[in-house]
Every structure is written in C-alpha cells, then in structure tokens.
>>> print(open('protein.cif').read())   # mmCIF, C-alpha atoms
data_structure
#
loop_
_atom_site.label_atom_id
_atom_site.label_comp_id
_atom_site.auth_asym_id
_atom_site.auth_seq_id
_atom_site.Cartn_x
_atom_site.Cartn_y
_atom_site.Cartn_z
CA MET A 844 0.00 0.00 0.00
CA ALA A 845 1.68 3.25 -1.15
CA ILE A 846 0.80 6.91 -0.79
CA ASN A 847 0.50 9.05 -3.92
CA LEU A 848 1.87 12.52 -3.26
CA GLU A 849 -0.24 14.23 -5.93
CA THR A 850 -3.38 16.02 -4.74
CA PRO A 851 -6.23 13.48 -5.05
CA LYS A 852 -8.58 14.45 -7.86
CA LYS A 853 -11.65 14.01 -5.69
CA HIS A 854 -10.30 16.60 -3.23
CA ALA A 855 -9.13 19.13 -5.82
CA THR A 856 -12.37 21.13 -5.84
CA LEU A 857 -12.51 21.34 -2.05
CA ILE A 858 -8.88 22.46 -1.81
CA ASP A 859 -9.37 25.07 -4.53
CA GLN A 860 -12.47 26.39 -2.74
CA ALA A 861 -10.49 26.62 0.51
CA HIS A 862 -7.77 28.60 -1.24
CA GLN A 863 -10.29 30.98 -2.78
CA LEU A 864 -11.92 31.54 0.61
CA ALA A 865 -8.52 32.18 2.17
CA MET A 866 -7.57 34.67 -0.53
CA ASN A 867 -10.86 36.51 -0.90
CA MET A 868 -12.38 36.36 2.60
CA LEU A 869 -9.66 35.80 5.19
CA ARG A 870 -6.69 37.76 3.82
CA PRO A 871 -8.66 41.04 3.40
CA ILE A 872 -9.73 41.09 7.09
CA SER A 873 -6.57 39.55 8.52
CA ARG A 874 -4.88 42.74 9.68
CA THR A 875 -8.14 44.26 10.94
CA TYR A 876 -8.81 41.53 13.48
CA ASP A 877 -5.16 41.17 14.43
CA ARG A 878 -5.34 44.77 15.64
CA ALA A 879 -8.82 44.39 17.16
CA GLU A 880 -7.88 41.61 19.57
CA HIS A 881 -10.91 39.85 21.15
CA ALA A 882 -13.34 41.40 18.63
CA TYR A 883 -15.39 38.61 17.04
CA PRO A 884 -14.94 38.43 13.23
CA LYS A 885 -18.59 38.59 12.20
CA GLU A 886 -17.66 37.81 8.60
CA LEU A 887 -17.00 34.24 9.73
CA ASP A 888 -20.69 33.58 10.37
CA MET A 889 -21.38 33.72 6.65
CA LEU A 890 -18.34 31.54 5.94
CA ALA A 891 -19.43 29.00 8.55
CA ALA A 892 -22.89 28.81 6.98
CA LEU A 893 -21.27 28.20 3.60
CA ILE A 894 -19.09 25.40 5.00
CA ASP A 895 -22.12 23.84 6.71
CA GLY A 896 -23.94 23.81 3.38
CA VAL A 897 -21.02 22.14 1.64
CA SER A 898 -20.72 19.54 4.43
CA GLU A 899 -24.42 18.70 4.31
CA SER A 900 -24.20 18.17 0.58
CA GLY A 901 -21.46 15.59 1.18
CA ALA A 902 -19.06 17.40 -1.11
CA SER A 903 -16.43 17.99 1.57
CA SER A 904 -16.20 14.42 2.93
CA GLY A 905 -16.36 15.95 6.40
CA ALA A 906 -13.14 17.87 6.02
CA GLY A 907 -12.40 20.82 8.20
CA ALA A 908 -10.49 22.05 11.21
CA GLY A 909 -12.98 20.24 13.41
CA GLY A 910 -11.41 16.95 12.43
CA VAL A 911 -12.88 13.70 11.18
CA ARG A 912 -13.54 10.28 12.59
CA ARG A 913 -11.14 7.42 11.92
CA ALA A 914 -12.86 4.68 9.91
CA ASP A 915 -13.54 1.40 11.68
CA GLY A 916 -13.56 -2.10 10.26
CA PRO A 917 -11.05 -4.46 8.70
CA ASP A 918 -8.34 -3.33 6.33
CA ASP A 919 -9.45 -4.51 2.88
CA GLY A 920 -6.18 -3.54 1.20
CA ARG A 921 -7.67 -0.60 -0.71
CA VAL A 922 -5.81 2.71 -0.73
CA ARG A 923 -8.01 5.52 0.57
CA ASN A 924 -7.54 9.23 0.06
CA GLY A 925 -10.20 10.06 2.59
CA ALA A 926 -11.49 12.79 4.86
CA ASN A 927 -8.36 13.04 7.01
CA LEU A 928 -6.20 13.91 4.00
CA ALA A 929 -8.87 16.27 2.68
CA SER A 930 -9.01 17.92 6.09
CA VAL A 931 -5.30 18.70 6.45
CA LEU A 932 -4.99 19.89 2.85
CA SER A 933 -7.98 22.22 3.15
CA VAL A 934 -6.84 23.51 6.56
CA ALA A 935 -3.40 24.30 5.12
CA GLU A 936 -5.08 26.35 2.37
CA MET A 937 -7.25 28.24 4.85
CA CYS A 938 -4.20 29.02 6.99
CA TRP A 939 -2.49 30.37 3.89
CA GLY A 940 -5.11 33.04 4.48
CA ASP A 941 -5.08 33.39 8.28
CA VAL A 942 -4.47 30.94 11.14
CA ALA A 943 -6.34 32.90 13.80
CA LEU A 944 -9.44 33.31 11.66
CA LEU A 945 -9.51 29.57 10.95
CA LEU A 946 -9.26 28.92 14.70
CA SER A 947 -12.19 31.32 15.16
CA MET A 948 -14.47 29.45 12.78
CA PRO A 949 -17.76 28.39 14.42
CA ARG A 950 -18.06 24.62 14.86
CA GLN A 951 -14.44 24.15 13.79
CA GLY A 952 -12.88 24.12 17.27
CA LEU A 953 -10.18 21.75 18.49
CA GLY A 954 -12.82 20.36 20.85
CA ASN A 955 -14.79 19.25 17.81
CA SER A 956 -11.78 17.20 16.77
CA ALA A 957 -11.73 15.60 20.23
CA ILE A 958 -15.40 14.71 19.85
CA ALA A 959 -14.73 13.18 16.44
CA SER A 960 -11.92 11.12 17.96
CA VAL A 961 -13.51 9.50 21.00
CA ALA A 962 -17.27 10.12 21.15
CA THR A 963 -19.75 7.29 20.72
CA GLU A 964 -22.03 7.22 17.69
CA GLU A 965 -24.95 8.36 19.87
CA GLN A 966 -22.89 11.26 21.20
CA LEU A 967 -21.80 12.28 17.71
CA GLU A 968 -25.44 12.62 16.71
CA ARG A 969 -26.39 14.43 19.94
CA TYR A 970 -23.53 16.94 19.68
CA ARG A 971 -24.08 17.68 16.01
CA GLY A 972 -23.80 21.43 15.42
CA THR A 973 -22.00 22.25 18.65
CA TRP A 974 -18.92 24.48 18.68
CA ALA A 975 -16.48 22.96 21.15
CA ALA A 976 -13.31 24.44 22.61
CA MET A 977 -10.76 22.08 24.17
CA ALA A 978 -9.51 22.55 27.73
CA ILE A 979 -6.37 20.56 28.57
CA THR A 980 -3.63 22.85 29.90
CA GLU A 981 -3.59 23.77 33.59
CA PRO A 982 -1.44 26.12 35.67
CA GLY A 983 1.68 24.15 36.52
CA THR A 984 1.10 21.21 34.17
CA GLY A 985 2.28 22.71 30.87
CA SER A 986 2.50 20.08 28.14
CA ASP A 987 2.38 17.13 30.53
CA SER A 988 -1.25 16.18 29.93
CA ALA A 989 -0.87 13.08 32.10
CA SER A 990 -0.41 15.23 35.22
CA ILE A 991 -3.86 16.83 34.99
CA THR A 992 -5.28 17.74 38.40
CA THR A 993 -8.84 18.75 37.41
CA THR A 994 -11.11 16.13 38.96
CA ALA A 995 -14.42 14.57 37.93
CA VAL A 996 -16.23 12.72 40.72
CA ARG A 997 -19.28 10.55 40.01
CA ASP A 998 -22.38 11.58 41.95
CA GLY A 999 -25.44 9.64 40.86
CA ASP A 1000 -26.24 10.42 37.24
CA GLU A 1001 -23.73 13.27 37.13
CA TYR A 1002 -20.03 14.03 37.41
CA VAL A 1003 -18.88 16.95 39.55
CA ILE A 1004 -15.89 18.75 37.98
CA ASN A 1005 -13.47 20.96 39.88
CA GLY A 1006 -10.31 22.58 38.52
CA GLU A 1007 -8.82 25.33 36.38
CA LYS A 1008 -7.89 25.36 32.69
CA ILE A 1009 -5.81 27.97 30.89
CA TYR A 1010 -5.09 28.85 27.25
CA VAL A 1011 -8.41 27.47 26.03
CA THR A 1012 -8.69 28.39 22.34
CA SER A 1013 -12.20 29.75 21.58
CA GLY A 1014 -12.95 29.34 25.28
CA ASP A 1015 -15.17 32.41 25.35
CA ARG A 1016 -16.91 32.15 21.97
CA ALA A 1017 -17.59 28.41 21.76
CA ASP A 1018 -20.87 27.08 23.14
CA SER A 1019 -19.26 24.08 24.85
CA VAL A 1020 -15.89 22.95 26.15
CA VAL A 1021 -14.26 19.51 26.03
CA VAL A 1022 -12.67 19.29 29.48
CA TRP A 1023 -9.96 16.78 30.37
CA ALA A 1024 -10.25 15.59 33.97
CA THR A 1025 -9.16 12.64 36.09
CA LEU A 1026 -11.59 10.19 37.63
CA ASP A 1027 -8.97 8.93 40.08
CA ARG A 1028 -5.58 10.59 40.62
CA ASP A 1029 -4.15 7.38 42.12
CA LEU A 1030 -4.68 5.53 38.82
CA GLY A 1031 -2.59 8.00 36.84
CA ARG A 1032 -3.10 8.73 33.16
CA ALA A 1033 -5.48 5.79 32.61
CA ALA A 1034 -8.15 7.61 34.63
CA ILE A 1035 -8.09 10.78 32.49
CA LYS A 1036 -11.30 11.25 30.54
CA SER A 1037 -12.83 14.06 28.53
CA PHE A 1038 -16.25 15.62 29.13
CA LEU A 1039 -18.43 17.88 27.04
CA VAL A 1040 -19.42 20.78 29.29
CA ARG A 1041 -21.85 23.38 28.01
CA LYS A 1042 -20.88 27.00 28.50
CA ASP A 1043 -24.11 27.88 30.32
CA ASN A 1044 -23.54 25.09 32.82
CA PRO A 1045 -23.53 26.41 36.44
CA GLY A 1046 -20.04 26.19 37.88
CA LEU A 1047 -18.22 27.03 34.63
CA THR A 1048 -16.73 30.53 34.66
CA VAL A 1049 -14.66 32.25 31.98
CA GLU A 1050 -12.23 34.19 34.17
CA ARG A 1051 -10.32 36.20 31.57
CA LEU A 1052 -9.10 36.45 27.99
CA GLU A 1053 -5.37 36.38 27.33
CA HIS A 1054 -3.43 39.03 25.39
CA LYS A 1055 -1.10 37.19 23.05
CA LEU A 1056 1.89 37.48 20.74
CA GLY A 1057 0.01 36.02 17.77
CA ILE A 1058 -3.31 34.53 16.59
CA ARG A 1059 -4.85 37.64 18.13
CA ALA A 1060 -8.14 37.25 16.25
CA SER A 1061 -8.69 33.99 18.16
CA ASP A 1062 -9.89 34.28 21.75
CA THR A 1063 -7.88 32.35 24.36
CA ALA A 1064 -9.52 31.98 27.77
CA ALA A 1065 -8.84 30.92 31.34
CA ILE A 1066 -11.77 28.89 32.70
CA THR A 1067 -12.55 27.62 36.21
CA PHE A 1068 -14.85 24.75 37.17
CA THR A 1069 -16.35 24.94 40.65
CA ASP A 1070 -18.63 22.02 41.57
CA CYS A 1071 -19.64 22.00 37.91
CA ARG A 1072 -22.22 19.24 37.43
CA VAL A 1073 -22.17 17.42 34.11
CA PRO A 1074 -24.57 14.63 33.07
CA ALA A 1075 -22.81 11.25 33.08
CA GLU A 1076 -23.84 10.77 29.45
CA ASP A 1077 -21.54 13.67 28.51
CA LEU A 1078 -18.37 11.76 29.37
CA LEU A 1079 -16.94 11.19 25.89
CA GLY A 1080 -16.53 7.56 24.93
CA SER A 1081 -16.33 4.80 27.53
CA PRO A 1082 -16.49 5.65 31.26
CA GLU A 1083 -14.49 2.51 32.12
CA ILE A 1084 -10.94 2.94 33.41
CA ASP A 1085 -8.72 0.51 31.55
CA VAL A 1086 -5.31 0.54 33.20
CA LYS A 1087 -3.87 -1.66 30.44
CA SER A 1088 -4.80 0.77 27.66
CA GLY A 1089 -3.45 3.64 29.73
CA PHE A 1090 -3.62 6.98 27.96
CA ALA A 1091 -4.92 5.51 24.70
CA GLY A 1092 -8.25 7.34 24.69
CA ALA A 1093 -6.64 10.70 25.25
CA MET A 1094 -3.91 10.02 22.72
CA ALA A 1095 -6.53 9.26 20.07
CA THR A 1096 -7.49 12.93 20.29
CA PHE A 1097 -3.90 14.02 19.72
CA ASP A 1098 -3.55 11.63 16.79
CA ASN A 1099 -6.41 13.60 15.24
CA THR A 1100 -5.45 17.15 16.21
CA ARG A 1101 -1.66 17.10 15.73
CA PRO A 1102 -1.79 16.61 11.94
CA LEU A 1103 -4.30 19.49 11.84
CA VAL A 1104 -1.92 21.77 13.74
CA ALA A 1105 0.87 20.66 11.41
CA ALA A 1106 -1.37 21.68 8.50
CA MET A 1107 -1.86 25.12 10.05
CA ALA A 1108 1.93 25.59 10.23
CA VAL A 1109 2.37 24.33 6.67
CA GLY A 1110 -0.23 26.79 5.36
CA CYS A 1111 1.15 29.79 7.25
CA ALA A 1112 4.72 29.02 6.16
CA ARG A 1113 3.62 28.62 2.53
CA ALA A 1114 2.03 32.06 2.66
CA SER A 1115 5.35 33.53 3.82
CA LEU A 1116 7.32 31.73 1.12
CA ASP A 1117 4.95 32.82 -1.65
CA LEU A 1118 5.05 36.48 -0.67
CA THR A 1119 8.81 36.44 -0.05
CA ARG A 1120 9.49 34.99 -3.50
CA ASP A 1121 7.42 37.79 -5.06
CA LEU A 1122 9.18 40.48 -3.04
CA LEU A 1123 12.61 39.06 -3.87
CA GLU A 1124 11.76 39.07 -7.57
CA GLN A 1125 10.64 42.70 -7.32
CA ALA A 1126 14.08 43.44 -5.82
CA GLY A 1127 15.81 41.66 -8.72
CA VAL A 1128 16.53 38.38 -6.93
CA VAL A 1129 15.20 35.46 -8.99
CA VAL A 1130 15.04 32.03 -7.35
CA ASP A 1131 16.02 29.40 -9.94
CA HIS A 1132 15.00 25.84 -9.04
CA ASP A 1133 17.05 24.44 -11.93
CA ARG A 1134 20.42 25.71 -10.67
CA PRO A 1135 22.42 24.58 -7.62
CA ALA A 1136 21.94 26.83 -4.59
CA GLN A 1137 25.67 27.56 -4.33
CA LEU A 1138 25.61 29.15 -7.78
CA GLN A 1139 22.89 31.63 -6.80
CA SER A 1140 22.74 34.65 -4.51
CA ALA A 1141 22.73 34.13 -0.73
CA ALA A 1142 19.06 35.21 -0.58
CA ALA A 1143 18.04 32.73 -3.29
CA ALA A 1144 20.04 29.93 -1.65
CA THR A 1145 18.37 30.63 1.68
CA PHE A 1146 14.96 30.60 0.04
CA LEU A 1147 15.66 27.21 -1.58
CA ARG A 1148 16.69 25.75 1.80
CA LEU A 1149 13.53 27.06 3.45
CA GLU A 1150 11.35 25.68 0.68
CA ALA A 1151 12.96 22.23 0.91
CA ASP A 1152 12.44 22.21 4.68
CA TRP A 1153 8.81 23.25 4.18
CA GLU A 1154 8.25 20.39 1.74
CA GLY A 1155 9.49 17.90 4.33
CA ALA A 1156 6.91 19.21 6.80
CA GLN A 1157 4.15 19.01 4.21
CA LEU A 1158 4.97 15.41 3.35
CA LEU A 1159 4.98 14.34 7.01
CA MET A 1160 1.62 16.07 7.49
CA MET A 1161 0.16 14.23 4.49
CA GLN A 1162 1.59 10.91 5.66
CA ALA A 1163 -0.01 11.18 9.12
CA ALA A 1164 -3.42 12.00 7.64
CA TRP A 1165 -3.15 9.34 4.92
CA MET A 1166 -2.34 6.68 7.51
CA ALA A 1167 -5.46 7.60 9.47
CA ASP A 1168 -7.53 7.29 6.30
CA ASN A 1169 -6.04 3.86 5.69
CA ARG A 1170 -6.65 2.59 9.24
CA ARG A 1171 -3.02 2.49 10.23
CA PRO A 1172 -1.76 3.55 13.68
CA ASN A 1173 -0.30 7.03 13.25
CA SER A 1174 0.66 8.26 16.73
CA LEU A 1175 4.36 8.35 15.83
CA GLU A 1176 3.73 10.01 12.48
CA ALA A 1177 1.31 12.55 14.00
CA SER A 1178 3.98 13.64 16.48
CA MET A 1179 6.65 13.70 13.78
CA ALA A 1180 4.45 15.90 11.58
CA LYS A 1181 3.63 18.25 14.46
CA ALA A 1182 7.29 18.51 15.54
CA LYS A 1183 8.63 19.10 12.04
CA ALA A 1184 5.91 21.49 10.90
CA GLY A 1185 5.95 23.48 14.14
CA ARG A 1186 9.70 24.03 13.95
CA VAL A 1187 9.68 24.69 10.19
CA GLY A 1188 6.79 27.13 10.51
CA SER A 1189 8.68 29.31 12.96
CA ASP A 1190 11.95 29.05 11.05
CA VAL A 1191 10.40 29.82 7.66
CA THR A 1192 8.27 32.76 8.76
CA LEU A 1193 11.07 34.42 10.77
CA SER A 1194 13.60 33.83 7.99
CA CYS A 1195 11.21 35.40 5.49
CA VAL A 1196 10.95 38.48 7.72
CA GLU A 1197 14.75 38.67 7.67
CA LEU A 1198 15.03 38.13 3.91
CA CYS A 1199 12.59 40.95 3.23
CA GLY A 1200 14.23 43.44 5.58
CA THR A 1201 12.17 46.52 6.38
CA LEU A 1202 9.19 45.22 4.38
CA GLY A 1203 9.26 42.04 6.42
CA TYR A 1204 9.48 43.76 9.79
CA SER A 1205 6.89 46.47 9.17
CA GLU A 1206 3.12 46.19 8.94
CA VAL A 1207 3.22 47.09 5.26
CA GLU A 1208 3.06 43.35 4.57
CA LEU A 1209 1.69 40.42 6.61
CA LEU A 1210 5.08 38.73 7.01
CA GLU A 1211 5.62 39.94 10.57
CA LYS A 1212 2.12 38.81 11.52
CA TRP A 1213 2.68 35.33 10.11
CA ALA A 1214 5.90 35.09 12.12
CA ARG A 1215 3.96 35.94 15.29
CA ASP A 1216 1.10 33.59 14.45
CA SER A 1217 3.30 30.62 13.63
CA LYS A 1218 4.96 30.43 17.04
CA ILE A 1219 1.89 29.06 18.79
CA LEU A 1220 1.79 26.19 16.29
CA ASP A 1221 5.07 24.95 17.74
CA ILE A 1222 3.62 25.13 21.27
CA PHE A 1223 -0.02 24.07 21.60
CA GLU A 1224 -1.21 20.48 21.19
CA GLY A 1225 2.17 19.45 22.63
CA THR A 1226 5.35 21.53 22.48
CA GLN A 1227 8.31 20.82 20.23
CA GLN A 1228 10.13 19.20 23.15
CA ILE A 1229 7.19 16.95 24.03
CA GLN A 1230 6.88 15.80 20.41
CA GLN A 1231 10.56 14.92 20.29
CA LEU A 1232 10.19 12.91 23.50
CA ILE A 1233 7.21 11.02 22.07
CA VAL A 1234 9.07 10.26 18.84
CA ALA A 1235 12.16 9.10 20.75
CA ARG A 1236 10.11 6.84 23.03
CA ARG A 1237 8.32 5.26 20.07
CA ILE A 1238 11.50 4.64 18.09
CA LEU A 1239 13.51 3.35 21.07
CA GLY A 1240 10.64 1.34 22.54
CA LEU A 1241 10.83 3.11 25.91
CA THR A 1242 8.07 4.17 28.27
CA SER A 1243 7.48 7.68 29.57
CA ALA A 1244 8.97 6.57 32.91
CA GLN A 1245 12.13 5.32 31.18
CA LEU A 1246 12.68 8.42 29.02
CA LYS A 1247 11.70 11.78 30.48
#
>>> encode(input="protein.cif", output="structure tokens")
Amino acid sequence: MAINLETPKKHATLIDQAHQLAMNMLRPISRTYDRAEHAYPKELDMLAALIDGVSESGASSGAGAGGVRRADGPDDGRVRNGANLASVLSVAEMCWGDVALLLSMPRQGLGNSAIASVATEEQLERYRGTWAAMAITEPGTGSDSASITTTAVRDGDEYVINGEKIYVTSGDRADSVVVWATLDRDLGRAAIKSFLVRKDNPGLTVERLEHKLGIRASDTAAITFTDCRVPAEDLLGSPEIDVKSGFAGAMATFDNTRPLVAAMAVGCARASLDLTRDLLEQAGVVVDHDRPAQLQSAAAATFLRLEADWEGAQLLMMQAAWMADNRRPNSLEASMAKAKAGRVGSDVTLSCVELCGTLGYSEVELLEKWARDSKILDIFEGTQQIQQLIVARRILGLTSAQLK
C-alpha cells in the first residue's frame, strides 16, 4: 500500500475552494482583526454557513479544522484518500489566508476534533452542530497532559468537575468545552477522561481572555470549574478505566489534532514563502529551481533551503493523515508531523521576515504577523520538546517513565 503525493482528484475542488476563501475572505480582514484583539470576526458567520452547506451536501467528505472520525472495520487492502487527508490539505489552504481566523471558525474548534476522535455514535449525533473548545492545559502542568489535576467525581447520574484550565482556544466564543479531567488521581493517566461541558452550565466561569503574541483574532480563555455538574452521558466515549490501555483514549485525540496543527503551520509558512518569493523578484533576486543553490545569490540559496524544509513538513503532514484514512496507527507520524511542521513554521516565517528586511518587519506586509502567528503552532497540542520525547520513546521502545 503506497501513498500518492499528488493532490487526489476528488479533493481538488474542495482544496481550490479553501484557497479561494482564504484569498478573498480571510486575507482582506486579517490585519483588521489582528489589531482588534478579542473582537469577534462577524464575517466568519457567513463563511461557517457556507461550509455547513457544503458539508451537508457531502461534497467535503467531512473535512475541516474540526477533524474527522477514523474509519472502523477491517483493512481490505484498498488505498483511501479520505477525509483526514482532505481535512489537512484544506486547513493548510485556509491558513495560507489566516491561522487565527480559521481557529475562530464556528463549529471548527479543536474540541470538535476531540469529539470526532472518542465520542460514541450516539454522542456524535447528539452533539451535532455544537462548537467545542478544548480545555487541557492547567497552571503548573504545561505540556504534561498526564499530570492533569482537574477532577471529575461521580455523583449519581452526574459528574462533579473541579479545577482550572488555561489557554483554552475559543474558550469564550464556543458554546461548549471539552474538558480533560481525572476520575482517580491514584490511577494515573489511565483515569483521564474528557467531558463535554456546556458554556451555560452552572459552575463554569470564563475568568479572563489572554493578550497574546500572535493569533490575536482567536480568543484564548482561562476557565474555572467549581462544583460544575455534568450529566454522566456527557463523558466522551467509555467511562471505564482501563489501566492496560493507559492513555490511549486521550492520545486518540492528539492523533487527530496534531496533523491538523501541522497543517496550520504548513499553510502559514507557505504564505510567507509565496510572498517572499514575489518580493525578492521585485528586488531583482530570482530564485532558480534548476540551478544549484551555491551558484545563486545568498538570498536565493536561503529561500531554496527554506522551501525544501517546508516540503518535508508538508509530506509528514500528508503521511499522518493518509495513515489515518487507511486505518493504520499514526501516533508516531502525528507527532513527527507536528514537531517538524511546528519548527519549520517558525523558522520559515522568521527567515522570510529577515530576507525581506524593512518590508518584512513592518506592517506594510503580513510577514511579521505570520511570524507571530506561527509560534503558537510549535507550542499548543504538545510543544516541540514533548513531540521529540514522544518520537524518541516510540523509536527506542521506551516508556514515559524510562525516558523523560
């Protein structure tokens, strides 16, 4: 079974539509909402309605930032270019327009991807149409999701949640939050489950919105849960604690979201490369792909290196999504894609600022904004360092206790 690196014909229309939306709807309002931090981009309501219409028609195969569900059933040997691949390719195109505006899209939250990953079929139907943020990070826990201290205690037909979450993307605007909490601290990571908590639920309080370096059009909230009662049926997936499977349920969410974050970095970096190539040509520097880098100017040689690095990130992103479509375990590849794309995104966007000098550093162009936006893509959903640890553990066959 081999992956074809050409864009699948059946996804070509979707990807082209995503690019047109990025160019004609997101780019024109990008600077406006970067400056107006915490102001809701009302233009996105119309875009969300358009995406909903496309999804209902079946034309998009469920693609979007909200993620898709991994197909179940036996492997019949057929090669699939399915909804996971369509999703990352379309997200990359949208982030060629603006990362923060994509993250602000109604019903396209990272919590929606968590729902797609672990919810039961009944829950999927019941939560249809919800816009879900995802609350993982806590004060003091950083990227170590296994050390979550937020608790969920069973009380009759409800769970009572207590704890604090920070850096919740779309935490103020979304109508629900997927909250990660532990059922039993003594059982470690195996007892960590996720719950869908509605924003109007008593006990849930949005404490503040963060002021950030980048993705300023996207709201990022701190949320507290004080004796917050959640119906037991809103625990996503199985309520059973399986010590043998450990963190598998939670990791299934990351296997879904990390390729999406990689796609965001790939799209933002591509935007920087495209604009930088145009600006270099206007300055008389032509990048020639048919000549060795050492025979060209320093600027052209640097550009060729950046583009090659970007292509590596894109291929890893596609591989992780393609493996999900073809029912292959992709935890290692998802972390590799996230690590590579996160690092490349920051390197490419900052290098493009440097290559373009005053034009890159000023607000005349969007290059400086893309450099600010891209940094978060190397941090959330697991930092660069965490991804490298995960990759090393997988390759060396070591546990988290053996390699820290």
>>> resolve_selection(input="protein.cif", expression="the PyMOL selection byres ((chain A and resi 1216) around 12)", output="short mmCIF file (atom, residue, chain, number, x, y, z; two decimals) with C-alpha atoms, keeping the file's coordinate frame")
data_model
loop_
_atom_site.label_atom_id
_atom_site.label_comp_id
_atom_site.auth_asym_id
_atom_site.auth_seq_id
_atom_site.Cartn_x
_atom_site.Cartn_y
_atom_site.Cartn_z
CA SER A 873 -6.57 39.55 8.52
CA ARG A 874 -4.88 42.74 9.68
CA ASP A 877 -5.16 41.17 14.43
CA CYS A 938 -4.20 29.02 6.99
CA TRP A 939 -2.49 30.37 3.89
CA GLY A 940 -5.11 33.04 4.48
CA ASP A 941 -5.08 33.39 8.28
CA VAL A 942 -4.47 30.94 11.14
CA ALA A 943 -6.34 32.90 13.80
CA LEU A 944 -9.44 33.31 11.66
CA LEU A 945 -9.51 29.57 10.95
CA LEU A 946 -9.26 28.92 14.70
CA LYS A 1055 -1.10 37.19 23.05
CA LEU A 1056 1.89 37.48 20.74
CA GLY A 1057 0.01 36.02 17.77
CA ILE A 1058 -3.31 34.53 16.59
CA ARG A 1059 -4.85 37.64 18.13
CA ALA A 1060 -8.14 37.25 16.25
CA SER A 1061 -8.69 33.99 18.16
CA MET A 1107 -1.86 25.12 10.05
CA ALA A 1108 1.93 25.59 10.23
CA GLY A 1110 -0.23 26.79 5.36
CA CYS A 1111 1.15 29.79 7.25
CA ALA A 1112 4.72 29.02 6.16
CA ALA A 1114 2.03 32.06 2.66
CA SER A 1115 5.35 33.53 3.82
CA GLY A 1185 5.95 23.48 14.14
CA GLY A 1188 6.79 27.13 10.51
CA SER A 1189 8.68 29.31 12.96
CA THR A 1192 8.27 32.76 8.76
CA LEU A 1193 11.07 34.42 10.77
CA LEU A 1209 1.69 40.42 6.61
CA LEU A 1210 5.08 38.73 7.01
CA GLU A 1211 5.62 39.94 10.57
CA LYS A 1212 2.12 38.81 11.52
CA TRP A 1213 2.68 35.33 10.11
CA ALA A 1214 5.90 35.09 12.12
CA ARG A 1215 3.96 35.94 15.29
CA SER A 1217 3.30 30.62 13.63
CA LYS A 1218 4.96 30.43 17.04
CA ILE A 1219 1.89 29.06 18.79
CA LEU A 1220 1.79 26.19 16.29
CA ASP A 1221 5.07 24.95 17.74
CA ILE A 1222 3.62 25.13 21.27
CA PHE A 1223 -0.02 24.07 21.60
#
>>> atom_distance(input="protein.cif", atom1="CA of Glu1001 (chain A)", atom2="CA of Cys1071 (chain A)")
9.7 Å
>>> resolve_selection(input="protein.cif", expression="the PyMOL selection byres ((chain A and resi 1004) around 6)", output="number ranges by chain")
A: 994-995, 1003, 1005, 1070-1071
>>> atom_distance(input="protein.cif", atom1="CA of Leu932 (chain A)", atom2="CA of Ala1180 (chain A)")
13.5 Å
>>> atom_distance(input="protein.cif", atom1="CA of Gln863 (chain A)", atom2="CA of Pro851 (chain A)")
18.1 Å
>>> closest_residue(input="protein.cif", among="A:Val1073, A:Ala1064, A:Val1020, A:Gly1014", to="Val996 (chain A)", atoms="only C-alpha atoms")
A:Val1073
>>> residues_around(input="protein.cif", residues="Ile1066 (chain A)", least_positions_apart="4", cutoff="12 Å", atoms="all atoms listed in the file", output="number ranges by chain")
A: 976-982, 993, 1005-1015, 1019-1022, 1040, 1042, 1046-1053, 1071
>>> decode(input="protein.cif", residues="region 855-860 of chain A", atoms="all heavy atoms", output="JSON list (two decimals), in the first residue's frame")
[["chain", "number", "residue", "atom", "x", "y", "z"],
["A", 855, "ALA", "N", -9.64, 17.93, -5.15],
["A", 855, "ALA", "CA", -9.13, 19.13, -5.82],
["A", 855, "ALA", "C", -10.09, 20.31, -5.72],
["A", 855, "ALA", "O", -9.67, 21.44, -5.45],
["A", 855, "ALA", "CB", -8.83, 18.82, -7.29],
["A", 856, "THR", "N", -11.38, 20.05, -5.90],
["A", 856, "THR", "CA", -12.37, 21.13, -5.84],
["A", 856, "THR", "C", -12.43, 21.73, -4.45],
["A", 856, "THR", "O", -12.45, 22.96, -4.28],
["A", 856, "THR", "CB", -13.75, 20.62, -6.26],
["A", 856, "THR", "OG1", -13.69, 20.12, -7.60],
["A", 856, "THR", "CG2", -14.79, 21.73, -6.18],
["A", 857, "LEU", "N", -12.46, 20.87, -3.42],
["A", 857, "LEU", "CA", -12.51, 21.34, -2.05],
["A", 857, "LEU", "C", -11.29, 22.20, -1.72],
["A", 857, "LEU", "O", -11.41, 23.28, -1.13],
["A", 857, "LEU", "CB", -12.56, 20.14, -1.09],
["A", 857, "LEU", "CG", -12.36, 20.46, 0.40],
["A", 857, "LEU", "CD1", -13.53, 21.25, 0.93],
["A", 857, "LEU", "CD2", -12.16, 19.18, 1.20],
["A", 858, "ILE", "N", -10.11, 21.74, -2.12],
["A", 858, "ILE", "CA", -8.88, 22.46, -1.81],
["A", 858, "ILE", "C", -8.84, 23.81, -2.54],
["A", 858, "ILE", "O", -8.42, 24.82, -1.98],
["A", 858, "ILE", "CB", -7.66, 21.59, -2.17],
["A", 858, "ILE", "CG1", -7.63, 20.36, -1.25],
["A", 858, "ILE", "CG2", -6.36, 22.38, -2.05],
["A", 858, "ILE", "CD1", -6.68, 19.28, -1.71],
["A", 859, "ASP", "N", -9.32, 23.81, -3.78],
["A", 859, "ASP", "CA", -9.37, 25.07, -4.53],
["A", 859, "ASP", "C", -10.35, 26.04, -3.88],
["A", 859, "ASP", "O", -10.07, 27.25, -3.78],
["A", 859, "ASP", "CB", -9.77, 24.80, -5.98],
["A", 859, "ASP", "CG", -9.83, 26.08, -6.80],
["A", 859, "ASP", "OD1", -8.77, 26.70, -6.98],
["A", 859, "ASP", "OD2", -10.93, 26.46, -7.26],
["A", 860, "GLN", "N", -11.49, 25.53, -3.42],
["A", 860, "GLN", "CA", -12.47, 26.39, -2.74],
["A", 860, "GLN", "C", -11.87, 26.97, -1.47],
["A", 860, "GLN", "O", -12.07, 28.16, -1.16],
["A", 860, "GLN", "CB", -13.73, 25.60, -2.42],
["A", 860, "GLN", "CG", -14.58, 25.26, -3.63],
["A", 860, "GLN", "CD", -15.74, 24.34, -3.28],
["A", 860, "GLN", "OE1", -15.75, 23.68, -2.23],
["A", 860, "GLN", "NE2", -16.74, 24.28, -4.16]]
